[in-house]
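Peer 1: One structure coming up, written as structure tokens, with questions to follow.
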Amino acid sequence: MKRPPVTLVASSLLVLCLAASVLTLHRLDELRGHATLEEVLYVSSPQALKRISLGYSGLLADIYWTRAVQYFGSKHVRGAEDYKLLAPLLEITTTLDPKLLVAYEFGSNFLTAKPPQGAGMPDEAVALVKQGIRSNPNEWHLYYDLGFIYYLDLKDYRNAADAFARGSRLPDAHPFLKLMAALAAQKGGEAQMARMLWTTTFETTTNKDIKANAAAHLRALRVDQDVTTLEELQARYRDKTGHFASSFSELESAGMLRGSPRDPLGAPYKLAAGGKVEVTDPDNLPFIEKGLSIGYIPPPKPKLLPAD
Amino acid sequence: MKGAPMKAAPMSRVFPIALNTFREAVRDRVLYNLVAFAVLMSGAAILVGQISVGIEKLVVINLGLTAVSLFGVVISIFIGIGLVSKEIDKRTLYTLLSRPVRRWEFVVGKFLGLVGTLVLNTFFMAIGVFGALLYVAHHFAKPDAWVLVALYFIILQFVIVTGLALLFSSFSSPLMSAVFAFSLFIVGAFAEDLRGFARMTKGITRWIATGAAYLVPNFSALNVITPVAHGQPVSGQLILYNTAYALIYATMAICGAVLIFERRNLK
């Protein structure tokens with residue numbers, strides 16, 4: 001019998017071993033779980049890493065930023081509550097490259113949002129943005145981000161007004177910053193302020209995810225306002241007739257409303273018992289605080305529609 | 001290689017040696033690293049947009065220039081250390097020196113040949129960097145021109161490293177030359193820190209530490225990759241002084257190599 005040539009045997013063996021090693025490695029990864037692969041900072045000192053980079057710190061910063069994005073993304077998808085490595089990863093990134101503005105802007109977003117949307121660490125976000133301002137004192141976006149966190153997350157209106165005012169004095173600053181500084185100083189107009197903050201974000205960001213998030217918040221603000229207005233109309237209708245309207249046409253007939261009201265996505269609002277107004281599909285309108293039916297449980301990850 | 005009479009200008013003998021060194025490097029498939037570089041750049045340009053946020057252009061510049069620098073340093077060390085020893089091992093050096101070629105002309109020719117190879121290599125890699133940049137940004141912006149300055153500084157880095165590799169190879173074995181050259185490259189990246197440490201010492205230690213800090217090559221001033229990636233300009237003075245420093249340092253290293261090689265017993 002003719003023996004197969006050595007080349008054929010060796011090639012087949014090589015391909016087999018390659019496939020087997022991939023399968024074994026895959027199984028090993030499953031056994032070890034995500035924790036051992038992700039929850040480790042091999043070198044925790046940003047200064048030490050900068051030295052080790054031998055001057056190629058820009059590339060290392062990009063790698064660490066990508067690692068921070070991947071870390072946040074994988075946790076976010078799983079709806080995690082704990083993001084313990086996020087702040088150190090961002091600190092390392094910005095120490096390696098203090099001019100990496102995306103790391104301050106997006107990083108502070110990741111840190112601020114409440115779990116499971118983010119890490120729920122607004123104080124760390126403030127520290128990160130302040131570090132960004134020290135390294136990039138002429139970037140108005142960073143003052144805006146700082147004011148944003150102080151105003152919406154920490155409800156610290158004095159510091160928010162100060163951050164917006166400092167940012168507004170910079171060249172090329174968005175004109176909204178002056179108004180924001182004034183509103184924050186008055187400690188009022190929260191809905192109006194929130195609308196301005198999210199509008200500025202929507203208009204100035206180039207990232208489609210951030211844009212979609214801002215658009216979702218703007219839609220939520222409009223829904224909250226619509227529901228408040230419609231519920232006020234219901235209350236007035238009851239004062240007039242002794243009962244709540246059972247349909248919007250009744251409110252229309254009473255001359256209190258023109259047409260059937262619809263949410264920002266074009267779906268009609270519903271009238272519920274007790275003069276309440278509800279949205280038709282709350283899953284499509286994340287971040288809304290009003291118009292939700294009793295017992296509604298939002299999905300673990302907010303559904304963001306493409307920003308228009 | 002045809003010998004030129006001693007009466008002719010030294011450059012007429014140096015140039016053929018340089019050309020031959022370049023041809024030899026091409027024959028040794030040195031330019032194959034361009035394939036790896038092309039894969040790296042196109043892979044990074046496509047992949048980074050999917051796994052990261054907001055740094056597509058930064059990664060292309062940072063990764064591209066870092067790869068140009070590291071690939072070049074590795075080539076300059078590994079080819080540089082063999083420039084002299086290979087000629088001795090193959091006994092081609094004896095044939096060459098039996099012609100009207102001076103030893104210093106041989107060293108300078110080898111140096112220029114390798115630097116020429118690295119410049120060509122860098123040129124092709126630069127095309128790759130700009131190609132990837134165009135792919136991710138869709139257009140060039142004015143600050144992208146500073147990438148050219150960073151590439152020029154990287155070439156200056158190669159000039160110094162090649163000089164050092166040649167210096168070490170003139171008196172040491174290829175393995176030890178590679179170790180010395182790599183060590184000096186790493187120490188050179190810490191040159192600014194070394195001078196800082198020297199300032200903290202006192203007395204005779206300060207003199208020795210300062211001397212050592214100034215003797216090692218300063219690669220940190222030649223690395224402007226990170227600021228250039230952010231579109232920050234590079235001052236004309238830095239370009240001028242870096243050029244002067246690299247040429248002076250490389251000349252120093254070549255002079256050392258020539259001095260050692262002139263005294264070396266080649267029997």
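Each chain in the structure tokens gets a letter, A, B and so on, in the order shown; residues start at 1 in every chain, and ligands are counted from 1 in the order they appear.
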So that each row is one residue of chain B with an atom at most 6 Å from chain A, can you give its shortest atom pair and the distance in Å to one decimal, using only C-alpha atoms, rows by chain and rising number, as a Markdown table?

Peer 2:
```
| residue | atom | partner | partner_atom | distance |
| --- | --- | --- | --- | --- |
| B:Ser52 | CA | A:Thr66 | CA | 4.8 |
| B:Asn62 | CA | A:Leu59 | CA | 5.0 |
| B:Leu63 | CA | A:Leu59 | CA | 5.8 |
| B:Ala189 | CA | A:Leu54 | CA | 5.4 |
| B:Thr226 | CA | A:Gly58 | CA | 4.7 |
```

Peer 1: Go ahead and save the residues from that selection, with C-alpha atoms, as a PDB file, in the first residue's frame.

Peer 2:
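The file below, again_11.pdb, is the result:
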```pdb
ATOM      1  CA  SER B  52     -13.752  52.078  20.246  1.00  0.00           C
ATOM      2  CA  ASN B  62      -0.679  56.906  16.821  1.00  0.00           C
ATOM      3  CA  LEU B  63      -0.529  53.299  15.666  1.00  0.00           C
ATOM      4  CA  ALA B 189      13.607  57.129  25.862  1.00  0.00           C
ATOM      5  CA  THR B 226       1.033  62.151  20.553  1.00  0.00           C
TER       6      THR B 226
END
```

Peer 1: Using only C-alpha atoms, determine which residues lie at most 12 Å from region 83-88 of chain A, disregarding the query and same-chain residues fewer than 5 positions distant; provide the list as an mmCIF file with C-alpha atoms, in the first residue's frame.

Peer 2:
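Dumped to around28.cif:
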```cif
data_model
loop_
_atom_site.group_PDB
_atom_site.id
_atom_site.type_symbol
_atom_site.label_atom_id
_atom_site.label_comp_id
_atom_site.auth_asym_id
_atom_site.auth_seq_id
_atom_site.Cartn_x
_atom_site.Cartn_y
_atom_site.Cartn_z
ATOM 1 C CA ALA A 35 -13.934 38.126 35.728
ATOM 2 C CA GLU A 38 -11.566 41.704 32.492
ATOM 3 C CA GLU A 39 -11.378 42.661 36.124
ATOM 4 C CA VAL A 40 -7.628 43.051 36.174
ATOM 5 C CA LEU A 41 -5.498 46.141 35.856
ATOM 6 C CA TYR A 42 -2.068 44.678 35.230
ATOM 7 C CA VAL A 43 -0.358 47.989 35.974
ATOM 8 C CA SER A 44 -2.488 50.308 38.061
ATOM 9 C CA SER A 45 -0.171 53.314 38.223
ATOM 10 C CA PRO A 46 -0.769 55.751 35.338
ATOM 11 C CA TYR A 64 -6.613 52.003 27.306
ATOM 12 C CA TRP A 65 -9.505 54.116 26.006
ATOM 13 C CA THR A 66 -10.645 51.210 23.837
ATOM 14 C CA ARG A 67 -10.310 48.957 26.872
ATOM 15 C CA ALA A 68 -12.452 51.386 28.925
ATOM 16 C CA VAL A 69 -15.102 51.460 26.153
ATOM 17 C CA GLN A 70 -15.101 47.670 25.900
ATOM 18 C CA TYR A 71 -15.237 47.288 29.696
ATOM 19 C CA PHE A 72 -18.157 49.710 29.961
ATOM 20 C CA GLY A 73 -19.931 48.241 26.924
ATOM 21 C CA SER A 74 -19.709 44.633 28.081
ATOM 22 C CA LYS A 75 -20.917 45.548 31.591
ATOM 23 C CA HIS A 76 -23.667 47.757 30.202
ATOM 24 C CA ARG A 78 -25.169 42.621 30.930
ATOM 25 C CA THR A 93 -6.110 56.881 29.677
ATOM 26 C CA THR A 94 -6.101 60.599 30.432
ATOM 27 C CA THR A 95 -2.735 60.511 32.193
ATOM 28 C CA ALA A 103 -12.076 60.194 27.160
ATOM 29 C CA TYR A 104 -13.232 63.105 29.367
ATOM 30 C CA PHE A 106 -17.669 60.146 27.005
ATOM 31 C CA GLY A 107 -15.933 58.873 30.153
ATOM 32 C CA SER A 108 -17.818 61.357 32.348
ATOM 33 C CA ASN A 109 -21.051 60.210 30.676
ATOM 34 C CA PHE A 110 -20.256 56.579 31.450
ATOM 35 C CA LEU A 111 -19.358 57.423 35.053
ATOM 36 C CA THR A 112 -22.333 59.685 35.798
ATOM 37 C CA ALA A 113 -25.364 57.724 34.619
ATOM 38 C CA LYS A 114 -27.075 55.674 37.321
ATOM 39 C CA PRO A 115 -26.696 51.855 37.166
ATOM 40 C CA PRO A 116 -27.453 49.921 35.029
ATOM 41 C CA GLN A 117 -27.097 52.718 32.437
ATOM 42 C CA GLY A 118 -23.738 53.756 33.906
ATOM 43 C CA ALA A 119 -21.476 53.528 36.910
ATOM 44 C CA GLY A 120 -23.427 56.001 39.071
ATOM 45 C CA MET A 121 -20.232 57.750 40.151
ATOM 46 C CA PRO A 122 -20.822 61.479 39.553
ATOM 47 C CA ASP A 123 -18.051 62.537 41.964
ATOM 48 C CA GLU A 124 -15.490 60.528 39.962
ATOM 49 C CA ALA A 125 -16.940 62.071 36.791
ATOM 50 C CA VAL A 126 -16.433 65.568 38.245
ATOM 51 C CA ALA A 127 -12.813 64.694 39.134
ATOM 52 C CA LEU A 128 -12.214 63.381 35.598
ATOM 53 C CA VAL A 129 -13.649 66.468 33.887
#
```

Peer 1: Could you pull the residues within 6 Å of region 210-223 of chain B, counting only C-alpha atoms, minus those fewer than 6 positions along the same chain, as number ranges by chain?

Peer 2: B: 153, 188-189, 191, 194-195, 198

Peer 1: Next, dump the selected residues to file, keeping only N, CA and C atoms, as a PDB file, in the first residue's frame.

Peer 2:
```pdb
ATOM      1  N   PHE B 153      11.063  63.280  12.149  1.00  0.00           N
ATOM      2  CA  PHE B 153      11.736  63.039  13.430  1.00  0.00           C
ATOM      3  C   PHE B 153      12.040  61.540  13.607  1.00  0.00           C
ATOM      4  N   GLY B 188      17.569  55.823  26.161  1.00  0.00           N
ATOM      5  CA  GLY B 188      17.377  57.093  25.463  1.00  0.00           C
ATOM      6  C   GLY B 188      15.961  57.620  25.561  1.00  0.00           C
ATOM      7  N   ALA B 189      14.998  56.703  25.704  1.00  0.00           N
ATOM      8  CA  ALA B 189      13.607  57.129  25.862  1.00  0.00           C
ATOM      9  C   ALA B 189      13.385  57.778  27.223  1.00  0.00           C
ATOM     10  N   ALA B 191      15.771  59.682  28.621  1.00  0.00           N
ATOM     11  CA  ALA B 191      16.855  60.667  28.717  1.00  0.00           C
ATOM     12  C   ALA B 191      16.466  61.883  29.554  1.00  0.00           C
ATOM     13  N   LEU B 194      16.510  61.035  33.149  1.00  0.00           N
ATOM     14  CA  LEU B 194      17.888  60.878  33.628  1.00  0.00           C
ATOM     15  C   LEU B 194      18.486  62.231  33.986  1.00  0.00           C
ATOM     16  N   ARG B 195      18.235  63.232  33.138  1.00  0.00           N
ATOM     17  CA  ARG B 195      18.765  64.565  33.422  1.00  0.00           C
ATOM     18  C   ARG B 195      18.101  65.138  34.678  1.00  0.00           C
ATOM     19  N   ALA B 198      19.745  63.557  37.607  1.00  0.00           N
ATOM     20  CA  ALA B 198      21.086  64.113  37.767  1.00  0.00           C
ATOM     21  C   ALA B 198      21.021  65.449  38.516  1.00  0.00           C
TER      22      ALA B 198
END
```

Peer 1: Name all residues at most 7 Å from region 235-244 of chain B (count only C-alpha atoms; drop same-chain ones fewer than 2 positions away) and give them as a ChimeraX atom specification.

Peer 2: /B:156,222,233,246-248

Peer 1: What's around Ala25 (chain B) at 12 Å? Count only C-alpha atoms, leave out sequence neighbours fewer than 4 positions away in its own chain, and write the answer as a list in words.

Peer 2: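 Everything that qualifies: Ala18, Leu19, Asn20, Thr21, Arg29, Val30, Leu31, Tyr32, Asn33, Ile75, Ser76, Phe78, Ile79, Gly80, Gly82, Leu83, Lys110, Gly113, Leu114, Val115, Gly116, Thr117, Leu118, Leu120 and Asn121 of chain B.
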
Peer 1: Take the residues from that selection and write them out as a compact mmCIF listing (two decimals), in the first residue's frame, keeping C-alpha atoms.

Peer 2:
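result03.txt written:
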```txt
# COMPACT_ATOMS: atom_id res chain seq x y z
CA ALA B 18 25.87 52.60 0.18
CA LEU B 19 24.07 51.43 -2.94
CA ASN B 20 25.31 47.89 -2.42
CA THR B 21 24.16 47.95 1.22
CA ARG B 29 13.69 40.89 2.21
CA VAL B 30 13.85 43.78 4.66
CA LEU B 31 11.04 45.55 2.81
CA TYR B 32 8.76 42.58 3.55
CA ASN B 33 7.91 44.38 6.80
CA ILE B 75 15.43 47.00 11.23
CA SER B 76 18.17 49.54 11.92
CA PHE B 78 19.26 44.06 13.32
CA ILE B 79 20.67 45.12 9.98
CA GLY B 80 23.06 47.64 11.55
CA GLY B 82 25.44 42.79 10.89
CA LEU B 83 26.82 45.40 8.53
CA LYS B 110 27.37 51.11 5.07
CA GLY B 113 23.12 52.60 2.67
CA LEU B 114 21.13 51.48 5.68
CA VAL B 115 19.77 54.98 6.35
CA GLY B 116 18.70 55.13 2.69
CA THR B 117 16.89 51.79 3.05
CA LEU B 118 15.11 53.06 6.14
CA LEU B 120 12.58 54.37 1.54
CA ASN B 121 10.86 52.02 3.98
```

Peer 1: What's the 9 Å shell around Ser85 (chain B), counting only C-alpha atoms, without same-chain residues fewer than 3 positions away, as a PyMOL selection string?

Peer 2: chain B and resi 81-82+88-90+169-170+172-174

Peer 1: Give the alpha helix (DSSP H) residues of region 47-109 of chain B, as assigned by DSSP on the backbone, as a ChimeraX atom specification.

Peer 2: /B:47-51,56-80,82-89,92-98,103-109

Peer 1: Calculated over only C-alpha atoms, which of the candidates A:Val9, A:Cys17, A:Ala165, A:Met196 has the smallest distance to Ala182 (chain A)?

Peer 2: A:Ala165

Peer 1: So what do you get for CA of Lys290 (chain A) versus CA of Leu257 (chain A), distance-wise?

Peer 2: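 CA of Leu257 (chain A) lies at a distance of 19.7 Å from CA of Lys290 (chain A).
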
Peer 1: Just to confirm, what's the straight-line distance from CA of Pro299 (chain A) to CA of Phe287 (chain A) in Å (one decimal)?

Peer 2: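 Going from CA of Pro299 (chain A) over to CA of Phe287 (chain A) covers 11.1 Å.
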
Peer 1: Write out as a PyMOL selection string the residues lying within 12 Å of Gly266 (chain A), counting only C-alpha atoms and excluding same-chain residues fewer than 5 positions away.

Peer 2: chain A and resi 219+223+260-261+279-281+284-285

Peer 1: Convert the current residue selection to file output with N, CA and C atoms, as a PDB file, in the first residue's frame.

Peer 2:
```
ATOM      1  N   ARG A 219     -37.047  63.722  23.739  1.00  0.00           N
ATOM      2  CA  ARG A 219     -38.396  63.161  23.541  1.00  0.00           C
ATOM      3  C   ARG A 219     -39.067  62.940  24.904  1.00  0.00           C
ATOM      4  N   VAL A 223     -42.555  64.384  26.352  1.00  0.00           N
ATOM      5  CA  VAL A 223     -43.643  63.523  26.843  1.00  0.00           C
ATOM      6  C   VAL A 223     -44.050  63.951  28.250  1.00  0.00           C
ATOM      7  N   SER A 260     -56.360  64.971  18.230  1.00  0.00           N
ATOM      8  CA  SER A 260     -55.957  63.911  19.155  1.00  0.00           C
ATOM      9  C   SER A 260     -54.460  64.034  19.442  1.00  0.00           C
ATOM     10  N   PRO A 261     -54.074  64.192  20.712  1.00  0.00           N
ATOM     11  CA  PRO A 261     -52.648  64.411  21.004  1.00  0.00           C
ATOM     12  C   PRO A 261     -51.798  63.155  20.769  1.00  0.00           C
ATOM     13  N   VAL A 279     -48.655  56.799  27.856  1.00  0.00           N
ATOM     14  CA  VAL A 279     -48.140  56.649  26.486  1.00  0.00           C
ATOM     15  C   VAL A 279     -48.501  55.254  25.990  1.00  0.00           C
ATOM     16  N   THR A 280     -48.566  55.101  24.662  1.00  0.00           N
ATOM     17  CA  THR A 280     -48.960  53.800  24.100  1.00  0.00           C
ATOM     18  C   THR A 280     -47.845  52.775  24.251  1.00  0.00           C
ATOM     19  N   ASP A 281     -46.617  53.177  23.896  1.00  0.00           N
ATOM     20  CA  ASP A 281     -45.510  52.214  23.935  1.00  0.00           C
ATOM     21  C   ASP A 281     -44.335  52.801  24.725  1.00  0.00           C
ATOM     22  N   ASN A 284     -40.518  52.433  23.778  1.00  0.00           N
ATOM     23  CA  ASN A 284     -39.912  53.285  22.749  1.00  0.00           C
ATOM     24  C   ASN A 284     -39.550  54.664  23.276  1.00  0.00           C
ATOM     25  N   LEU A 285     -39.955  54.933  24.514  1.00  0.00           N
ATOM     26  CA  LEU A 285     -39.706  56.276  25.077  1.00  0.00           C
ATOM     27  C   LEU A 285     -38.950  56.153  26.403  1.00  0.00           C
TER      28      LEU A 285
END
```

Peer 1: Measure the distance from CA of Leu112 (chain B) to CA of Ser98 (chain B) in Å and round it to one decimal.

Peer 2: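 So the two atoms, CA of Leu112 (chain B) and CA of Ser98 (chain B), lie 21.4 Å apart.
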
Peer 1: Have a look at B:Thr162, B:Thr201, B:Val129, B:Val179 and name the one nearest to Ala150 (chain B); count only C-alpha atoms.

Peer 2: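 Checking each candidate against Ala150 (chain B), we get B:Val129 as the closest.
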
Peer 1: I'd like to know which residues of region 161-275 of chain A are strand (DSSP E or B) (by DSSP, run on the backbone); could you write them as an MDAnalysis selection string?

Peer 2: chainID A and resid 262 268 270:271

Peer 1: Let me make sure I understand: among A:Asp226, A:Ala214, A:Glu252, A:Ala273, which one has the smallest atom-to-atom distance to Pro286 (chain A) if we use only C-alpha atoms?

Peer 2: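 Residue with the minimum atom-to-atom distance to Pro286 (chain A): A:Ala214.
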